[in-house]
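Student: Got a file for you: structure-v4.txt, compact mmCIF, C-alpha atoms.
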# COMPACT_ATOMS: atom_id res chain seq x y z
CA MET A 18 -56.11 60.42 -68.37
CA ARG A 19 -58.04 63.19 -70.04
CA LEU A 20 -58.42 63.15 -73.82
CA ASP A 21 -59.46 66.26 -75.74
CA ASP A 22 -59.56 66.34 -79.54
CA GLY A 23 -60.97 69.87 -79.69
CA GLU A 24 -64.60 68.78 -79.96
CA THR A 25 -64.98 65.95 -77.50
CA ALA A 26 -63.35 65.50 -74.10
CA ARG A 27 -63.28 62.22 -72.22
CA ALA A 28 -61.60 61.25 -68.99
CA GLY A 29 -60.92 58.14 -66.95
CA ARG A 30 -58.52 55.22 -66.56
CA VAL A 31 -60.11 53.72 -69.66
CA VAL A 32 -61.04 55.89 -72.61
CA ASP A 33 -62.82 54.35 -75.55
CA ALA A 34 -62.23 56.57 -78.59
CA ARG A 35 -63.31 54.10 -81.27
CA ASP A 36 -66.17 56.38 -82.31
CA LEU A 37 -63.90 59.44 -82.61
CA ASN A 38 -61.91 60.21 -85.72
CA LEU A 39 -58.58 60.03 -83.89
CA SER A 40 -55.42 58.72 -85.58
CA ARG A 41 -53.06 56.34 -83.76
CA ALA A 42 -50.09 58.56 -84.59
CA ASP A 43 -51.74 61.65 -83.07
CA ALA A 44 -52.79 59.79 -79.93
CA VAL A 45 -49.32 58.30 -79.36
CA ALA A 46 -47.60 61.62 -80.10
CA ALA A 47 -49.84 63.40 -77.60
CA ILE A 48 -49.08 60.85 -74.86
CA ARG A 49 -45.34 61.06 -75.56
CA ARG A 50 -45.47 64.88 -75.69
CA ASP A 51 -44.15 64.87 -79.28
CA ALA A 52 -47.02 66.76 -80.89
CA THR A 53 -50.31 68.31 -79.90
CA ALA A 54 -52.90 67.64 -82.62
CA VAL A 55 -54.98 66.32 -79.70
CA THR A 56 -54.40 66.62 -75.97
CA VAL A 57 -53.96 63.67 -73.67
CA GLU A 58 -53.34 64.67 -70.08
CA CYS A 59 -51.60 61.76 -68.40
CA PRO A 60 -48.45 60.86 -66.47
CA GLU A 61 -45.21 60.93 -68.44
CA PRO A 62 -44.51 57.59 -70.22
CA GLY A 63 -41.86 55.34 -68.68
CA PRO A 64 -39.02 53.62 -70.56
CA ALA A 65 -41.20 50.71 -71.73
CA HIS A 66 -43.87 52.84 -73.35
CA GLU A 67 -41.75 53.34 -76.45
CA ARG A 68 -41.64 49.55 -76.99
CA VAL A 69 -45.10 48.37 -76.00
CA GLY A 70 -47.21 51.49 -75.37
CA ASP A 71 -48.79 51.44 -78.81
CA VAL A 72 -50.17 48.00 -79.58
CA HIS A 73 -51.65 47.49 -83.05
CA PRO A 74 -51.88 44.51 -85.41
CA GLU A 75 -48.68 45.44 -87.35
CA ILE A 76 -46.47 46.01 -84.29
CA GLY A 77 -42.96 44.56 -84.38
CA VAL A 78 -41.40 43.63 -81.04
CA SER A 79 -37.99 42.37 -80.05
CA ILE A 80 -39.06 40.50 -76.90
CA ARG A 81 -35.73 40.61 -75.05
CA THR A 82 -35.19 44.32 -75.77
CA ALA A 83 -38.75 45.14 -74.73
CA LEU A 84 -38.36 43.06 -71.55
CA ALA A 85 -35.17 44.97 -70.69
CA ALA A 86 -37.12 48.24 -71.07
CA ALA A 87 -39.91 46.78 -68.92
CA ALA A 88 -37.36 45.94 -66.21
CA ARG A 89 -36.04 49.52 -66.36
CA SER A 90 -39.61 50.86 -66.11
CA ARG A 91 -39.89 49.02 -62.80
CA GLY A 92 -36.67 50.50 -61.50
CA HIS A 93 -34.48 47.43 -62.02
CA THR A 94 -30.84 48.20 -62.72
CA ALA A 95 -28.30 45.99 -64.43
CA PRO A 96 -25.08 44.93 -62.67
CA GLN A 97 -23.23 46.64 -65.55
CA ALA A 98 -24.85 50.03 -64.85
CA ASP A 99 -21.92 51.57 -62.93
CA ARG A 100 -19.35 50.49 -65.49
CA ILE A 101 -21.58 51.78 -68.30
CA ALA A 102 -21.83 55.19 -66.60
CA GLU A 103 -18.04 55.23 -66.17
CA ILE A 104 -17.41 54.46 -69.83
CA GLU A 105 -19.97 57.08 -70.85
CA SER A 106 -18.26 59.77 -68.81
CA GLU A 107 -14.84 58.68 -70.09
CA LEU A 108 -16.18 59.08 -73.63
CA ALA A 109 -17.66 62.48 -72.84
CA GLU A 110 -14.30 63.69 -71.54
CA LEU A 111 -12.30 62.36 -74.45
CA THR A 112 -11.21 65.10 -76.82
CA VAL A 113 -10.67 63.91 -80.33
CA PRO A 114 -8.68 66.46 -82.34
CA THR A 115 -9.83 67.03 -85.87
CA ALA A 116 -6.73 66.77 -87.98
CA SER A 117 -7.74 66.90 -91.60
CA THR A 118 -4.89 67.01 -94.09
CA ARG A 119 -7.17 67.80 -97.01
CA PRO A 120 -6.00 71.43 -97.58
CA GLU A 121 -2.35 70.32 -97.43
CA ARG A 122 -2.94 67.47 -99.88
CA ALA A 123 -4.68 69.83 -102.30
CA ALA A 124 -1.92 72.45 -101.92
CA VAL A 125 0.81 69.94 -102.86
CA ALA A 126 -1.08 68.97 -106.02
CA ASP A 127 -1.70 72.62 -106.98
CA ARG A 128 1.93 73.66 -106.46
CA ALA A 129 3.12 70.62 -108.45
CA ASP A 130 0.85 71.71 -111.33
CA ASP A 131 2.37 75.22 -111.20
CA VAL A 132 5.89 73.79 -111.36
CA GLU A 133 5.02 71.63 -114.34
CA ARG A 134 3.32 74.47 -116.22
CA LEU A 135 6.25 76.86 -115.64
CA ASP A 136 8.76 74.15 -116.56
CA GLU A 137 7.00 73.79 -119.92
CA ARG A 138 6.91 77.55 -120.38
CA VAL A 139 10.68 77.83 -119.73
CA ALA A 140 11.38 75.02 -122.23
CA GLU A 141 9.19 76.68 -124.85
CA LEU A 142 10.88 80.10 -124.41
CA ARG A 143 14.32 78.46 -124.60
CA GLY A 144 13.30 76.87 -127.90
CA ARG A 145 12.15 80.22 -129.24
CA VAL A 146 15.40 81.98 -128.24
CA GLN A 147 17.35 79.17 -129.90
CA ALA A 148 15.27 79.44 -133.09
CA LEU A 149 15.67 83.23 -133.22
CA ARG A 150 19.45 82.94 -132.77
CA GLU A 151 19.70 80.47 -135.62
CA ARG A 152 18.02 83.04 -137.85
CA ASP A 153 20.24 85.85 -136.38
CA ALA A 154 17.04 87.59 -135.31
CA GLU A 155 16.47 89.94 -132.38
CA THR A 156 16.15 87.89 -129.11
CA ASP A 157 16.02 90.58 -126.39
CA ASP A 158 12.23 90.48 -125.79
CA VAL A 159 12.02 86.70 -125.69
CA GLU A 160 15.09 86.49 -123.48
CA ALA A 161 13.48 88.88 -121.03
CA ASP A 162 10.37 86.66 -121.00
CA LEU A 163 12.59 83.64 -120.46
CA ALA A 164 14.38 85.25 -117.50
CA ALA A 165 11.02 86.12 -115.93
CA ALA A 166 9.72 82.58 -116.50
CA ILE A 167 12.85 81.06 -114.95
CA GLN A 168 12.39 83.30 -111.92
CA GLU A 169 8.74 82.24 -111.59
CA PHE A 170 9.73 78.60 -112.01
CA THR A 171 12.28 78.85 -109.20
CA ALA A 172 9.72 80.51 -106.93
CA ALA A 173 7.15 77.81 -107.74
CA LYS A 174 9.65 75.08 -106.90
CA THR A 175 10.29 76.72 -103.53
CA ASP A 176 6.52 76.86 -102.93
CA LEU A 177 6.21 73.18 -103.80
CA ILE A 178 8.92 72.23 -101.32
CA ALA A 179 7.15 74.27 -98.62
CA ALA A 180 3.79 72.65 -99.47
CA ARG A 181 5.38 69.19 -99.22
CA GLU A 182 6.83 70.05 -95.83
CA ASN A 183 3.45 71.34 -94.62
CA HIS A 184 1.81 68.16 -95.85
CA GLU A 185 4.31 65.98 -94.04
CA ALA A 186 3.81 67.91 -90.80
CA ALA A 187 0.02 67.72 -91.13
CA THR A 188 0.22 63.98 -91.85
CA GLU A 189 2.31 63.49 -88.71
CA ALA A 190 -0.23 65.48 -86.66
CA ALA A 191 -3.09 63.45 -88.11
CA ARG A 192 -1.34 60.21 -87.17
CA ALA A 193 -0.99 61.42 -83.60
CA ALA A 194 -4.64 62.53 -83.52
CA ARG A 195 -5.67 59.03 -84.49
CA ASP A 196 -4.53 57.68 -81.13
CA ALA A 197 -7.49 59.50 -79.55
CA ARG A 198 -9.82 58.14 -82.22
CA GLU A 199 -8.50 54.67 -81.58
CA ARG A 200 -9.24 55.08 -77.89
CA ARG A 201 -12.74 56.40 -78.64
CA MET A 202 -13.61 53.42 -80.80
CA GLU A 203 -12.29 51.03 -78.17
CA LEU A 204 -14.50 52.70 -75.53
CA GLU A 205 -17.53 52.68 -77.83
CA ASP A 206 -17.05 48.98 -78.51
CA ARG A 207 -16.77 48.28 -74.81
CA LEU A 208 -19.88 50.39 -74.14
CA ALA A 209 -21.89 48.52 -76.76
CA ASN A 210 -20.85 45.18 -75.24
CA ARG A 211 -21.77 46.24 -71.71
CA ARG A 212 -25.09 47.63 -72.87
CA ARG A 213 -25.88 44.37 -74.61
CA ALA A 214 -24.99 42.43 -71.46
CA ALA A 215 -27.09 44.82 -69.35
CA ARG A 216 -30.12 44.33 -71.61
CA ALA A 217 -29.70 40.57 -71.40
CA SER A 218 -29.48 40.59 -67.63
CA LEU A 219 -32.49 42.93 -67.25
CA ALA A 220 -34.54 40.77 -69.61
CA ASP A 221 -33.53 37.60 -67.73
CA GLY A 222 -34.92 39.09 -64.53
CA LEU A 223 -38.42 39.36 -66.03
CA THR A 224 -38.51 36.19 -68.11
CA ASP A 225 -40.55 34.20 -65.59
CA GLU A 226 -43.14 36.95 -65.21
CA TYR A 227 -43.35 37.30 -68.97
CA ARG A 228 -43.85 33.53 -69.40
CA GLU A 229 -46.63 33.69 -66.81
CA ALA A 230 -48.26 36.66 -68.58
CA VAL A 231 -48.35 34.77 -71.89
CA ALA A 232 -49.82 31.72 -70.13
CA VAL A 233 -52.69 33.66 -68.54
CA ALA A 234 -53.62 35.63 -71.67
CA PRO A 235 -57.38 35.35 -72.32
CA TRP A 236 -56.74 34.11 -75.85
CA GLU A 237 -55.01 31.10 -77.40
CA THR A 238 -51.18 31.31 -77.02
CA PRO A 239 -48.35 28.89 -77.89
CA THR A 240 -46.55 27.12 -75.05
CA ASP A 241 -43.19 28.70 -75.87
CA PRO A 242 -43.54 32.38 -74.88
CA PHE A 243 -40.73 33.29 -77.27
CA GLN A 244 -42.62 31.85 -80.25
CA VAL A 245 -45.71 34.01 -79.84
CA GLY A 246 -46.97 36.60 -82.30
CA ASP A 247 -45.86 40.22 -81.93
CA VAL A 248 -49.20 41.45 -80.55
CA THR A 249 -49.23 38.78 -77.83
CA ALA A 250 -45.59 39.49 -76.99
CA ALA A 251 -46.22 43.26 -76.77
CA LEU A 252 -49.27 42.81 -74.53
CA ALA A 253 -47.47 40.35 -72.25
CA VAL A 254 -44.49 42.71 -71.91
CA ALA A 255 -46.89 45.60 -71.28
CA ARG A 256 -48.47 43.59 -68.49
CA VAL A 257 -45.15 43.08 -66.69
CA ALA A 258 -43.96 46.65 -67.35
CA ASP A 259 -44.83 49.80 -65.44
CA LEU A 260 -46.01 51.93 -68.35
CA ARG A 261 -47.23 54.90 -66.27
CA ALA A 262 -48.88 56.49 -69.34
CA PRO A 263 -51.89 54.93 -71.11
CA VAL A 264 -51.44 52.11 -73.61
CA VAL A 265 -52.85 53.01 -77.00
CA LEU A 266 -54.67 49.84 -77.96
CA SER A 267 -55.87 49.17 -81.50
CA CYS A 268 -56.36 45.42 -81.56
CA ASP A 269 -59.16 43.03 -80.57
CA ARG A 270 -57.67 40.74 -77.97
CA PHE A 271 -59.88 41.69 -75.05
CA ALA A 272 -63.67 41.63 -74.58
CA ASP A 273 -63.67 45.37 -73.90
CA PRO A 274 -61.25 48.19 -73.00
CA ALA A 275 -61.90 47.86 -69.27
CA THR A 276 -60.90 44.17 -69.35
CA ALA A 277 -57.75 45.17 -71.22
CA ALA A 278 -56.90 47.80 -68.59
CA ASP A 279 -57.38 45.26 -65.79
CA TRP A 280 -55.26 42.62 -67.52
CA LEU A 281 -52.50 45.08 -68.43
CA ASP A 282 -52.72 46.88 -65.11
CA ALA A 283 -52.45 50.14 -67.05
CA ALA A 284 -54.60 52.94 -68.36
CA VAL A 285 -55.96 52.18 -71.83
CA LEU A 286 -56.84 54.45 -74.70
CA ARG A 287 -58.80 52.27 -77.11
CA LEU A 288 -58.79 53.35 -80.75
CA MET B 13 -2.06 48.84 -102.68
CA LEU B 14 -4.34 51.21 -100.79
CA LEU B 15 -4.51 50.69 -97.05
CA VAL B 16 -7.80 51.90 -95.54
CA ILE B 17 -8.19 52.00 -91.74
CA ALA B 18 -11.44 52.89 -89.95
CA TYR B 19 -11.37 54.88 -86.71
CA SER B 20 -15.06 54.87 -85.80
CA ARG B 21 -17.74 52.21 -85.47
CA ALA B 22 -19.78 53.67 -88.29
CA ALA B 23 -16.78 53.89 -90.62
CA ARG B 24 -15.79 50.33 -89.74
CA GLN B 25 -19.29 49.07 -90.59
CA THR B 26 -19.31 50.87 -93.94
CA LEU B 27 -15.84 49.53 -94.71
CA ARG B 28 -17.08 46.00 -93.97
CA ASN B 29 -20.06 46.50 -96.24
CA ALA B 30 -17.82 47.85 -99.00
CA CYS B 31 -15.51 44.84 -98.67
CA GLU B 32 -18.41 42.44 -98.93
CA ALA B 33 -19.89 44.20 -101.94
CA HIS B 34 -16.59 44.56 -103.83
CA GLU B 35 -14.53 41.43 -103.14
CA GLU B 36 -12.72 41.74 -106.47
CA THR B 37 -11.14 45.04 -105.38
CA VAL B 38 -10.28 43.87 -101.86
CA VAL B 39 -6.83 42.30 -101.65
CA ARG B 40 -7.03 41.58 -97.93
CA ARG B 41 -9.35 42.33 -95.02
CA LEU B 42 -7.73 42.94 -91.63
CA GLY B 43 -10.40 43.57 -89.02
CA ARG B 44 -11.16 47.26 -89.23
CA ALA B 45 -8.69 47.79 -92.04
CA ALA B 46 -8.51 46.60 -95.62
CA LEU B 47 -6.10 46.59 -98.51
CA PHE B 48 -7.63 47.61 -101.83
CA GLU B 49 -6.23 47.08 -105.30
CA GLU B 50 -4.41 50.14 -106.53
CA THR B 51 -6.96 50.84 -109.26
CA GLU B 52 -9.21 53.80 -109.87
CA PHE B 53 -12.02 51.79 -108.34
CA GLY B 54 -9.94 51.00 -105.25
CA ALA B 55 -9.28 54.73 -104.89
CA PHE B 56 -12.97 55.43 -105.45
CA LEU B 57 -13.94 53.10 -102.58
CA ALA B 58 -11.33 54.61 -100.28
CA LEU B 59 -12.29 58.20 -101.10
CA ARG B 60 -15.97 57.49 -100.78
CA LEU B 61 -15.31 56.36 -97.20
CA ARG B 62 -13.13 59.36 -96.51
CA ALA B 63 -15.80 61.68 -97.96
CA GLU B 64 -18.37 60.21 -95.59
CA TYR B 65 -16.28 59.88 -92.41
CA GLY B 66 -13.47 62.42 -92.86
CA VAL B 67 -10.57 61.94 -90.48
CA ASP B 68 -12.11 58.71 -89.16
CA VAL B 69 -10.78 57.06 -92.29
CA GLN B 70 -7.05 56.84 -92.90
CA VAL B 71 -5.87 56.08 -96.41
CA GLU B 72 -2.26 55.13 -97.13
CA ARG B 73 -0.57 53.95 -100.26
CA THR B 74 1.62 50.90 -99.68
CA ALA B 75 4.58 49.68 -101.67
CA PRO B 76 6.55 46.42 -101.41
CA LEU B 77 9.88 46.81 -99.64
CA ASN B 78 12.89 45.78 -101.70
CA GLU B 79 15.51 45.63 -98.99
CA PHE B 80 18.34 45.27 -101.52
CA GLU B 81 17.38 48.61 -103.00
CA THR B 82 16.35 50.53 -99.87
CA VAL B 83 17.95 49.08 -96.74
CA PRO B 84 21.68 49.49 -95.96
CA ASP B 85 23.75 46.28 -96.03
CA GLY B 86 24.59 46.53 -92.33
CA VAL B 87 20.93 46.53 -91.32
CA ARG B 88 20.07 43.60 -93.58
CA GLU B 89 23.03 41.59 -92.28
CA ALA B 90 22.15 42.41 -88.68
CA ALA B 91 18.56 41.21 -89.23
CA ARG B 92 19.76 37.95 -90.71
CA ALA B 93 22.35 37.38 -87.97
CA TYR B 94 19.86 38.22 -85.21
CA ALA B 95 17.32 35.77 -86.62
CA ASP B 96 20.05 33.09 -86.45
CA ARG B 97 21.21 34.03 -82.91
CA GLU B 98 22.19 31.27 -80.56
CA HIS B 99 19.96 32.18 -77.60
CA ALA B 100 16.39 33.13 -78.41
CA SER B 101 16.20 35.26 -75.23
CA THR B 102 19.02 37.66 -76.22
CA PRO B 103 17.54 41.12 -76.87
CA TYR B 104 18.85 42.87 -79.96
CA ALA B 105 20.44 45.71 -77.96
CA LYS B 106 22.64 43.17 -76.19
CA PHE B 107 23.27 41.18 -79.36
CA ALA B 108 24.53 44.36 -81.06
CA SER B 109 26.69 45.54 -78.15
CA GLY B 110 29.94 44.89 -80.10
CA ASP B 111 30.90 46.90 -83.15
CA GLU B 112 29.72 44.35 -85.65
CA TYR B 113 26.03 45.31 -85.84
CA PRO B 114 24.27 48.69 -85.87
CA ASP B 115 23.02 50.14 -82.62
CA PRO B 116 19.18 50.13 -82.33
CA ALA B 117 18.99 53.77 -81.16
CA ALA B 118 21.13 54.90 -84.09
CA MET B 119 18.91 52.93 -86.51
CA LYS B 120 15.83 54.62 -85.06
CA ASP B 121 17.30 58.02 -85.90
CA ARG B 122 18.09 57.18 -89.52
CA GLU B 123 15.30 57.34 -92.10
CA LEU B 124 15.41 54.81 -94.87
Starting from the file, give its structure as structure tokens.

Tutor:
Amino acid sequence: MRLDDGETARAGRVVDARDLNLSRADAVAAIRRDATAVTVECPEPGPAHERVGDVHPEIGVSIRTALAAAARSRGHTAPQADRIAEIESELAELTVPTASTRPERAAVADRADDVERLDERVAELRGRVQALRERDAETDDVEADLAAAIQEFTAAKTDLIAARENHEAATEAARAARDARERRMELEDRLANRRRAARASLADGLTDEYREAVAVAPWETPTDPFQVGDVTAALAVARVADLRAPVVLSCDRFADPATAADWLDAAVLRL
Amino acid sequence: MLLVIAYSRAARQTLRNACEAHEETVVRRLGRAALFEETEFGAFLALRLRAEYGVDVQVERTAPLNEFETVPDGVREAARAYADREHASTPYAKFASGDEYPDPAAMKDREL
């Protein structure tokens, strides 16, 4: 690897950057090609780097998941791989129609409001005509208003019926569209199950090597390799993985960075 | 009651969480569906899911079926008679082949 922070450049399989003012985040981002506050020229990280390529005292590791990634980094494939690819392509081909009935629902409510408002207006005008007649007063103007209101009311009722019909049709279409959604969820569930099984089988394949790695660690480790601390677990997984890119190491488990690189069988950037 | 059905994994998870957090509003949980009380809060829970997941959440309003009010006599009688049939293996279409009980295809065409 070749590290360049703008002022200092260092190269080699092992780079000790403890004396440089280099943040872990910047170093990791540079290795993973996410950002370029500093430059680290190195091979592209493999699938395990994300899990155990940045080892620091607060690291959290799910051992089985990390072991599955380590197995992938070494080119292992799970027996479920073909079926997973099939389900993925089935999902990609699935078209799920969007069938929202929201505008139709809102339209029904709006038209119903119109009908109610006009119904009240007709009733009110009828009352006024009635009152004027009782007093033998002139009713022509109010009667004209009433006729217009009745006409509007009839039109609004027609609109409401049409809105209801639209809503029913849209609801039917939405029900049909849900068949595709149903199928999608079924496929996604199946995919999640297969992926879980694939991870388990990949992790199983490396369990013995991982156990061995924990046993030969040059520091005190528990007998059960699944009861170890997160730093030990990460380092042991890193040892069995093919990381390709340098491990960013910010913990004191090894005598010096070169020892770490030998034990991990990986390039090491010590921070 | 309000029937809420989830059609995506994310919607299903949120529905589960909502059911756990609001047991008093949940009448029944049915896998990826749930029945909520028909209260404003039940509607609030249902609409909150629909707002987040759109068409992936179906909301229906349920009502009890009073067959004496809604279902024609002939259909009710046929259901009762078919439940009491002599041979469990007789399909309804065959059971109804005389004139006594309504034809299944005809029933399918008639809305309640």

Student: Residues of chain A no more than 10 Å from chain B, counting all atoms listed in the file: send them over as a ChimeraX atom specification.

Tutor: /A:114-119,191-192,194-203,205-206

Student: Quick one: distance from CA of Val55 in chain A to CA of Leu39 in chain A in Å, one decimal?

Tutor: 8.4 Å

Student: Which residue, B:Ala45, B:Val87, B:Ala100, B:Val71, has the smallest gap to Lys120 in chain B when you use all atoms listed in the file?

Tutor: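 Smallest distance to Lys120 in chain B is found for B:Val87.
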
Student: Compile the contact shell of Asn29 in chain B as a ChimeraX atom specification: residues with an atom at most 12 Å away, counting all atoms listed in the file, same-chain residues fewer than 5 positions apart removed.

Tutor: /B:22-24,34-35,38,41,44,46,57,61

Student: CA of Arg40 in chain B and CA of Thr26 in chain B are how many Å apart?

Tutor: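 Between CA of Arg40 in chain B and CA of Thr26 in chain B the gap is 15.9 Å.
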
Student: The residues within 12 Å of (19.8, 41.3, -79.5), using only C-alpha atoms and the coordinates of the file, should be reported as number ranges by chain; which are they?

Tutor: B: 90-110, 113-116

Student: Report, as JSON, the axis-aligned box around all atoms of range 58-71 of chain B present in the file, extended by 6 Å on each side; give centre and edge lengths in Å to one decimal place.

Tutor:
{"center_x": -12.1, "center_y": 58.5, "center_z": -95.1, "size_x": 24.5, "size_y": 19.8, "size_z": 23.9}

Student: So what do you get for CA of Leu281 in chain A versus CA of Asp259 in chain A, distance-wise?

Tutor: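 A separation of 9.5 Å between them.
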
Student: Neighbours of Arg216 in chain A within 9 Å (only C-alpha atoms; same-chain residues fewer than 5 positions away dropped), as a PyMOL selection string?

Tutor: chain A and resi 81-82+84-86+95+211+221

Student: Show me, as a list in words, the residues that have an atom within 12 Å of Thr175 in chain A when counting all atoms listed in the file, minus same-chain residues fewer than 3 positions from it.

Tutor: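 The neighbour list is Val125, Arg128, Ala129, Asp131, Val132, Gln168, Glu169, Phe170, Thr171, Ala172, Ile178, Ala179, Ala180, Arg181 and Glu182 of chain A.
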
Student: The selected residues should be written to file as a JSON list (two decimals), keeping the file's coordinate frame (atoms: C-alpha atoms).

Tutor:
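Produced file out_15.json, reproduced below:
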[["chain", "number", "residue", "atom", "x", "y", "z"],
["A", 125, "VAL", "CA", 0.81, 69.94, -102.86],
["A", 128, "ARG", "CA", 1.93, 73.66, -106.46],
["A", 129, "ALA", "CA", 3.12, 70.62, -108.45],
["A", 131, "ASP", "CA", 2.37, 75.22, -111.20],
["A", 132, "VAL", "CA", 5.89, 73.79, -111.36],
["A", 168, "GLN", "CA", 12.39, 83.30, -111.92],
["A", 169, "GLU", "CA", 8.74, 82.24, -111.59],
["A", 170, "PHE", "CA", 9.73, 78.60, -112.01],
["A", 171, "THR", "CA", 12.28, 78.85, -109.20],
["A", 172, "ALA", "CA", 9.72, 80.51, -106.93],
["A", 178, "ILE", "CA", 8.92, 72.23, -101.32],
["A", 179, "ALA", "CA", 7.15, 74.27, -98.62],
["A", 180, "ALA", "CA", 3.79, 72.65, -99.47],
["A", 181, "ARG", "CA", 5.38, 69.19, -99.22],
["A", 182, "GLU", "CA", 6.83, 70.05, -95.83]]

Student: Under the rule that only C-alpha atoms are counted, which of B:Ile17, B:Val83, B:Ala58, B:Ala63 is the nearest residue to Thr37 in chain B?

Tutor: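 Ranked by minimum distance to Thr37 in chain B, first place goes to B:Ala58.
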
Student: Would you mind completing range 33-46 of chain B so that it carries N, CA and C atoms, and writing it out as a JSON list (two decimals), in the coordinates of the input?

Tutor:
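Contents of out.json, freshly written:
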[["chain", "number", "residue", "atom", "x", "y", "z"],
["B", 33, "ALA", "N", -19.27, 43.91, -100.64],
["B", 33, "ALA", "CA", -19.89, 44.20, -101.94],
["B", 33, "ALA", "C", -18.86, 44.19, -103.07],
["B", 34, "HIS", "N", -17.57, 44.40, -102.76],
["B", 34, "HIS", "CA", -16.59, 44.56, -103.83],
["B", 34, "HIS", "C", -15.38, 43.67, -103.61],
["B", 35, "GLU", "N", -15.61, 42.37, -103.42],
["B", 35, "GLU", "CA", -14.53, 41.43, -103.14],
["B", 35, "GLU", "C", -13.40, 41.51, -104.15],
["B", 36, "GLU", "N", -13.74, 41.76, -105.42],
["B", 36, "GLU", "CA", -12.72, 41.74, -106.47],
["B", 36, "GLU", "C", -11.70, 42.86, -106.30],
["B", 37, "THR", "N", -12.07, 43.92, -105.58],
["B", 37, "THR", "CA", -11.14, 45.04, -105.38],
["B", 37, "THR", "C", -10.39, 44.90, -104.07],
["B", 38, "VAL", "N", -10.89, 44.02, -103.18],
["B", 38, "VAL", "CA", -10.28, 43.87, -101.86],
["B", 38, "VAL", "C", -9.18, 42.83, -101.94],
["B", 39, "VAL", "N", -7.95, 43.25, -101.64],
["B", 39, "VAL", "CA", -6.83, 42.30, -101.65],
["B", 39, "VAL", "C", -6.82, 41.52, -100.34],
["B", 40, "ARG", "N", -7.08, 42.22, -99.24],
["B", 40, "ARG", "CA", -7.03, 41.58, -97.93],
["B", 40, "ARG", "C", -7.89, 42.37, -96.95],
["B", 41, "ARG", "N", -8.59, 41.65, -96.09],
["B", 41, "ARG", "CA", -9.35, 42.33, -95.02],
["B", 41, "ARG", "C", -8.66, 42.05, -93.70],
["B", 42, "LEU", "N", -8.46, 43.09, -92.89],
["B", 42, "LEU", "CA", -7.73, 42.94, -91.63],
["B", 42, "LEU", "C", -8.53, 43.61, -90.53],
["B", 43, "GLY", "N", -9.60, 42.97, -90.09],
["B", 43, "GLY", "CA", -10.40, 43.57, -89.02],
["B", 43, "GLY", "C", -11.02, 44.87, -89.47],
["B", 44, "ARG", "N", -10.56, 45.98, -88.86],
["B", 44, "ARG", "CA", -11.16, 47.26, -89.23],
["B", 44, "ARG", "C", -10.35, 47.98, -90.30],
["B", 45, "ALA", "N", -9.48, 47.22, -90.95],
["B", 45, "ALA", "CA", -8.69, 47.79, -92.04],
["B", 45, "ALA", "C", -8.82, 46.88, -93.26],
["B", 46, "ALA", "N", -8.47, 47.41, -94.41],
["B", 46, "ALA", "CA", -8.51, 46.60, -95.62],
["B", 46, "ALA", "C", -7.47, 47.11, -96.59]]
